[in-house]
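> Got a structure for you, written out below as structure tokens; questions coming shortly.
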Amino acid sequence: MDVVPALPVTQEPTPPSTLILPHEIICTIIHACGDDLSLLHAWSLVSPACFAEVQPYLYRELVFTGQSPLDITSQGGGRCLGWSRTYLFLDSTRHKPELLRFVRHLTIELKQGVWPATMWAAFLKVFPSMTGLKHFRLDITYSTYPHVVSLEALFPSSSMKLKELSLSIPDMLSAYFHDLPQILQHQQELEELDLIGCHWEVPAISMDACPNLHTISTWSLRCIEVMVPGRPVVKLCWDLSQPHLHRLSYENLADSRFACQALSQIRILVLRGPHASDRLAVIAPYLLLVEVLDLEDSNICAA
């Protein structure tokens with residue numbers, strides 16, 4: 001990861017005596033910087049006008065982690081903030097709430113370190129104000145994580161209109177996801193749902209939930225049965241590394257009318273995990289429309 005010069009979120013540049021380039025050209029140059037955070041940071045120091053233009057790019061994609069470095073780093077085009085920088089950002093939004101509206105992609109990635117309850121409390125105060133957020137990812141792989149906020153607390157209302165939702169909390173019991181159907185009910189613009197890493201075995205969900213959903217990633221056959229039929233899902237990423245969640249056999253697939261219906265509408269299929277090629281033989285009779293097949297068999301890769 002590249003280290004980006006630390007810029008306090010409340011710091012504004014000192015106005016220069018003159019600004020040589022026209023504003024339209026400056027906007028074009030800043031837009032061309034794309035995800036280069038070092039260049040964006042440099043432009044933010046040129047003038048107040050440049051600072052205002054750069055801000056939406058600086059806060060467009062954020063990654064909050066449980067690590068402790070003070071430096072701001074870049075990760076996949078976004079600003080990666082350790083817990084101390086995350087707290088500074090959250091605190092600064094009390095005085096500059098407009099920063100929250102710039103956030104389009106947000107990832108909370110807690111693979112190392114922890115967020116204490118106070119950090120979650122600070123985050124929950126500002127999260128509903130990220131009204132422009134379209135992509136949210138929660139990735140917690142720390143097996144003894146002491147504080148994980150509930151999904152009901154994360155999504156207390158229907159004000160947030162996501163296009164992509166990704167939840168990966170492998171060590172969490174299925175009861176944690178009890179409120180997920182109600183949350184999805186409000187996500188009428190959701191297009192991609194990634195639940196690989198979630199033990200979600202919900203019995204049913206309203207058919208009018210997620211009417212624009214076109215991509216699902218999951219461990220579970222039950223999730224496919226519930227989420228695919230009746231929605232325009234054409235891409236399925238199926239992780240077969242958790243056999244107790246799919247129990248693939250000719251007999252139980254034949255008994256599952258909804259699974260057969262779901263698989264028959266898939267056009268792009270990604271299968272991952274050990275013996276994925278063997279499991280493909282089981283589901284092949286139901287793949288009536290598949291045009292693209294991506295097989296990631298870990299046994300074959302190991303060989």
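Identifiers in this document derive from the order of the structure tokens: chains are assigned A, B, ..., residues are numbered from 1 separately in each chain, and ligands are numbered from 1 in order of occurrence.
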Near segment 212-229 of chain A, within 8 Å and counting only C-alpha atoms, which residues show up once chain neighbours fewer than 3 positions away are dropped, as a VMD selection string?
chain A and resid 188 to 205 232 to 242 245 to 246 258 to 259 261 to 262
> Those residues you just picked out, can you put them in a file as a CSV table (one decimal), in the first residue's frame with C-alpha atoms?

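Okay, this is what ended up in out17.csv:
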chain,number,residue,atom,x,y,z
A,188,GLN,CA,-35.1,-1.2,-3.7
A,189,GLU,CA,-32.0,-0.1,-5.6
A,190,LEU,CA,-29.7,-3.0,-4.6
A,191,GLU,CA,-28.0,-4.7,-7.5
A,192,GLU,CA,-25.3,-6.8,-5.9
A,193,LEU,CA,-25.5,-8.8,-2.7
A,194,ASP,CA,-22.5,-10.6,-1.3
A,195,LEU,CA,-23.1,-12.9,1.7
A,196,ILE,CA,-20.1,-15.2,1.4
A,197,GLY,CA,-19.0,-15.4,5.0
A,198,CYS,CA,-22.5,-15.3,6.4
A,199,HIS,CA,-24.5,-18.1,7.9
A,200,TRP,CA,-27.8,-16.8,6.6
A,201,GLU,CA,-30.5,-19.5,6.5
A,202,VAL,CA,-33.6,-17.3,6.5
A,203,PRO,CA,-36.8,-19.2,5.7
A,204,ALA,CA,-38.3,-16.6,3.3
A,205,ILE,CA,-38.2,-13.0,2.2
A,232,PRO,CA,-33.6,-10.5,-12.3
A,233,VAL,CA,-30.5,-12.4,-11.0
A,234,VAL,CA,-28.3,-13.5,-13.8
A,235,LYS,CA,-24.9,-13.9,-12.0
A,236,LEU,CA,-24.3,-16.3,-9.2
A,237,CYS,CA,-20.9,-16.6,-7.4
A,238,TRP,CA,-21.3,-19.8,-5.3
A,239,ASP,CA,-18.6,-20.7,-2.8
A,240,LEU,CA,-18.7,-24.5,-2.1
A,241,SER,CA,-16.2,-24.5,0.7
A,242,GLN,CA,-18.9,-24.9,3.3
A,245,LEU,CA,-24.6,-25.1,3.8
A,246,HIS,CA,-25.4,-26.6,0.4
A,258,PHE,CA,-37.0,-23.3,-5.9
A,259,ALA,CA,-33.3,-24.3,-6.3
A,261,GLN,CA,-35.9,-22.6,-10.8
A,262,ALA,CA,-33.1,-20.4,-9.4
> Can you measure atom CA of Ala52 of chain A to atom CA of Thr86 of chain A for me? One decimal in Å is fine.
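Value for the atom CA of Ala52 of chain A-atom CA of Thr86 of chain A distance: 21.2 Å.
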> Separation of atom CA of Leu21 of chain A and atom CA of Pro48 of chain A, in Å?
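Pair atom CA of Leu21 of chain A / atom CA of Pro48 of chain A returns 13.6 Å.
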> Could you find all residues in segment 32-134 of chain A that DSSP calls helix (DSSP H, G or I) from the backbone, and write them as a PyMOL selection string?
chain A and resi 32+37-44+48-58+83-92+97-102+117-129
> Output N, CA and C atoms for every residue in the selection just made, as a compact mmCIF listing (two decimals), in the first residue's frame.

# COMPACT_ATOMS: atom_id res chain seq x y z
N ALA A 32 -9.15 14.08 -13.91
CA ALA A 32 -8.21 13.15 -14.56
C ALA A 32 -7.29 12.47 -13.56
N LEU A 37 -4.34 9.33 -4.95
CA LEU A 37 -4.55 10.15 -3.76
C LEU A 37 -3.43 11.15 -3.52
N SER A 38 -2.21 10.81 -3.92
CA SER A 38 -1.10 11.74 -3.74
C SER A 38 -1.30 13.00 -4.58
N LEU A 39 -1.72 12.80 -5.83
CA LEU A 39 -1.99 13.95 -6.70
C LEU A 39 -3.17 14.76 -6.19
N LEU A 40 -4.21 14.08 -5.76
CA LEU A 40 -5.37 14.79 -5.24
C LEU A 40 -5.02 15.61 -4.01
N HIS A 41 -4.20 15.01 -3.14
CA HIS A 41 -3.76 15.73 -1.94
C HIS A 41 -2.97 16.98 -2.34
N ALA A 42 -2.09 16.85 -3.32
CA ALA A 42 -1.30 18.00 -3.76
C ALA A 42 -2.19 19.10 -4.31
N TRP A 43 -3.18 18.73 -5.11
CA TRP A 43 -4.09 19.73 -5.67
C TRP A 43 -4.92 20.40 -4.58
N SER A 44 -5.23 19.66 -3.53
CA SER A 44 -6.06 20.24 -2.46
C SER A 44 -5.37 21.39 -1.75
N PRO A 48 -8.28 27.48 -2.12
CA PRO A 48 -9.58 27.06 -1.60
C PRO A 48 -10.49 26.47 -2.67
N ALA A 49 -10.42 27.01 -3.91
CA ALA A 49 -11.25 26.48 -4.99
C ALA A 49 -10.85 25.04 -5.32
N CYS A 50 -9.56 24.78 -5.37
CA CYS A 50 -9.07 23.42 -5.64
C CYS A 50 -9.44 22.49 -4.49
N PHE A 51 -9.32 22.99 -3.28
CA PHE A 51 -9.67 22.19 -2.11
C PHE A 51 -11.13 21.74 -2.19
N ALA A 52 -12.01 22.66 -2.57
CA ALA A 52 -13.43 22.34 -2.68
C ALA A 52 -13.69 21.30 -3.78
N GLU A 53 -12.96 21.40 -4.88
CA GLU A 53 -13.15 20.45 -5.98
C GLU A 53 -12.60 19.07 -5.65
N VAL A 54 -11.51 19.03 -4.87
CA VAL A 54 -10.85 17.75 -4.57
C VAL A 54 -11.60 16.96 -3.51
N GLN A 55 -12.25 17.65 -2.58
CA GLN A 55 -12.88 16.95 -1.45
C GLN A 55 -13.75 15.77 -1.84
N PRO A 56 -14.65 15.90 -2.83
CA PRO A 56 -15.46 14.73 -3.17
C PRO A 56 -14.65 13.51 -3.61
N TYR A 57 -13.49 13.74 -4.22
CA TYR A 57 -12.63 12.63 -4.65
C TYR A 57 -11.88 12.02 -3.46
N LEU A 58 -11.47 12.86 -2.51
CA LEU A 58 -10.72 12.37 -1.35
C LEU A 58 -11.56 11.48 -0.46
N TRP A 83 -7.56 2.86 12.97
CA TRP A 83 -8.62 3.25 13.89
C TRP A 83 -8.45 4.67 14.41
N SER A 84 -7.20 5.13 14.58
CA SER A 84 -6.99 6.49 15.09
C SER A 84 -7.41 7.53 14.05
N ARG A 85 -7.03 7.31 12.78
CA ARG A 85 -7.44 8.22 11.72
C ARG A 85 -8.95 8.15 11.49
N THR A 86 -9.51 6.95 11.61
CA THR A 86 -10.96 6.81 11.48
C THR A 86 -11.68 7.65 12.52
N TYR A 87 -11.20 7.58 13.74
CA TYR A 87 -11.83 8.36 14.81
C TYR A 87 -11.72 9.86 14.54
N LEU A 88 -10.55 10.31 14.05
CA LEU A 88 -10.38 11.72 13.73
C LEU A 88 -11.35 12.15 12.64
N PHE A 89 -11.51 11.29 11.64
CA PHE A 89 -12.46 11.61 10.57
C PHE A 89 -13.88 11.70 11.11
N LEU A 90 -14.30 10.70 11.89
CA LEU A 90 -15.65 10.70 12.42
C LEU A 90 -15.89 11.92 13.30
N ASP A 91 -14.89 12.27 14.11
CA ASP A 91 -15.03 13.43 14.99
C ASP A 91 -15.12 14.73 14.19
N SER A 92 -14.35 14.82 13.11
CA SER A 92 -14.33 16.05 12.31
C SER A 92 -15.67 16.32 11.64
N PRO A 97 -20.18 18.27 8.45
CA PRO A 97 -21.05 17.14 8.07
C PRO A 97 -21.13 16.92 6.57
N GLU A 98 -20.77 17.93 5.77
CA GLU A 98 -20.84 17.76 4.32
C GLU A 98 -19.88 16.70 3.82
N LEU A 99 -18.82 16.38 4.59
CA LEU A 99 -17.88 15.35 4.17
C LEU A 99 -18.58 14.00 4.02
N LEU A 100 -19.58 13.75 4.85
CA LEU A 100 -20.27 12.46 4.83
C LEU A 100 -21.01 12.24 3.52
N ARG A 101 -21.48 13.32 2.90
CA ARG A 101 -22.24 13.18 1.65
C ARG A 101 -21.36 12.80 0.48
N PHE A 102 -20.03 12.96 0.63
CA PHE A 102 -19.12 12.62 -0.46
C PHE A 102 -18.84 11.12 -0.54
N ALA A 117 -16.27 -0.52 21.71
CA ALA A 117 -17.67 -0.10 21.65
C ALA A 117 -17.79 1.40 21.41
N THR A 118 -16.86 2.19 21.94
CA THR A 118 -16.91 3.64 21.74
C THR A 118 -16.72 4.02 20.28
N MET A 119 -15.90 3.25 19.54
CA MET A 119 -15.70 3.53 18.13
C MET A 119 -16.98 3.22 17.35
N TRP A 120 -17.61 2.09 17.66
CA TRP A 120 -18.86 1.77 17.01
C TRP A 120 -19.91 2.84 17.28
N ALA A 121 -19.94 3.35 18.53
CA ALA A 121 -20.91 4.39 18.88
C ALA A 121 -20.67 5.65 18.05
N ALA A 122 -19.40 6.03 17.89
CA ALA A 122 -19.07 7.21 17.08
C ALA A 122 -19.46 6.99 15.63
N PHE A 123 -19.24 5.78 15.12
CA PHE A 123 -19.58 5.47 13.73
C PHE A 123 -21.09 5.51 13.51
N LEU A 124 -21.86 4.94 14.43
CA LEU A 124 -23.30 4.87 14.26
C LEU A 124 -23.95 6.25 14.27
N LYS A 125 -23.30 7.22 14.90
CA LYS A 125 -23.85 8.58 14.92
C LYS A 125 -23.81 9.23 13.54
N VAL A 126 -22.80 8.88 12.74
CA VAL A 126 -22.62 9.56 11.45
C VAL A 126 -23.04 8.69 10.27
N PHE A 127 -23.10 7.39 10.43
CA PHE A 127 -23.38 6.50 9.30
C PHE A 127 -24.69 6.82 8.59
N PRO A 128 -25.79 7.10 9.29
CA PRO A 128 -27.03 7.43 8.58
C PRO A 128 -26.94 8.70 7.73
N SER A 129 -25.96 9.56 8.03
CA SER A 129 -25.81 10.80 7.27
C SER A 129 -25.02 10.60 5.98
> Near Arg267 of chain A, within 6 Å and counting only C-alpha atoms, which residues show up once chain neighbours fewer than 4 positions away are dropped, as a list in words?
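Listing them by chain and then by number gives Val234, Leu289, Val290 and Glu291 of chain A.
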> Name the residues in contact with Glu61 of chain A at a cut-off of 9 Å, using only C-alpha atoms, excluding same-chain residues fewer than 4 positions from it; report them as an mmCIF file with C-alpha atoms, in the first residue's frame.

data_model
loop_
_atom_site.group_PDB
_atom_site.id
_atom_site.type_symbol
_atom_site.label_atom_id
_atom_site.label_comp_id
_atom_site.auth_asym_id
_atom_site.auth_seq_id
_atom_site.Cartn_x
_atom_site.Cartn_y
_atom_site.Cartn_z
ATOM 1 C CA TYR A 57 -12.626 12.633 -4.646
ATOM 2 C CA GLY A 77 -8.208 3.401 -5.030
ATOM 3 C CA GLY A 78 -9.584 4.404 -1.618
ATOM 4 C CA ARG A 79 -8.209 6.030 1.505
ATOM 5 C CA CYS A 80 -7.391 3.388 4.106
ATOM 6 C CA PHE A 102 -19.117 12.623 -0.459
ATOM 7 C CA VAL A 103 -18.710 8.966 0.625
ATOM 8 C CA ARG A 104 -19.821 6.548 -2.123
ATOM 9 C CA HIS A 105 -17.875 3.388 -1.172
ATOM 10 C CA LEU A 106 -17.298 2.388 2.451
ATOM 11 C CA THR A 107 -15.538 -0.710 3.767
#
> Interatomic distance between atom CA of Ile30 of chain A and atom CA of Lys163 of chain A?
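Computing the Euclidean distance for atom CA of Ile30 of chain A and atom CA of Lys163 of chain A yields 25.8 Å.
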> Measuring atom to atom with only C-alpha atoms, identify which of A:Asp208, A:Glu109, A:Asp139, A:Asp297 is nearest to Gln182 of chain A.
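Ranked by minimum distance to Gln182 of chain A, first place goes to A:Asp208.
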> Do a neighbour search on Gln187 of chain A at 9 Å with only C-alpha atoms, toss out local chain neighbours closer than 6 positions, and write the hits as a short mmCIF file (atom, residue, chain, number, x, y, z; two decimals) with N, CA and C atoms, in the first residue's frame.

data_model
loop_
_atom_site.label_atom_id
_atom_site.label_comp_id
_atom_site.auth_asym_id
_atom_site.auth_seq_id
_atom_site.Cartn_x
_atom_site.Cartn_y
_atom_site.Cartn_z
N SER A 158 -34.84 3.39 6.30
CA SER A 158 -34.74 3.09 4.87
C SER A 158 -34.13 4.25 4.09
N MET A 160 -31.05 4.98 3.42
CA MET A 160 -29.87 4.64 2.63
C MET A 160 -30.27 3.76 1.45
N LYS A 161 -29.88 4.17 0.26
CA LYS A 161 -30.22 3.44 -0.95
C LYS A 161 -28.96 2.85 -1.56
N LEU A 162 -28.64 1.63 -1.17
CA LEU A 162 -27.40 0.98 -1.62
C LEU A 162 -27.60 0.30 -2.96
N LYS A 163 -26.50 0.23 -3.72
CA LYS A 163 -26.46 -0.59 -4.93
C LYS A 163 -25.71 -1.89 -4.70
N ALA A 209 -38.83 -7.41 -2.36
CA ALA A 209 -37.55 -6.91 -1.89
C ALA A 209 -36.51 -7.01 -3.00
N CYS A 210 -35.65 -6.00 -3.10
CA CYS A 210 -34.52 -5.99 -4.05
C CYS A 210 -34.96 -6.32 -5.48
N PRO A 211 -35.85 -5.54 -6.05
CA PRO A 211 -36.35 -5.87 -7.39
C PRO A 211 -35.33 -5.71 -8.50
#
> Going by DSSP on the backbone, which bits of segment 17-230 of chain A are strand (DSSP E or B)? Write them as a ChimeraX atom specification, please.
/A:61-65,72-75,78-81,105-110,135-140,164-168,192-194,215-218
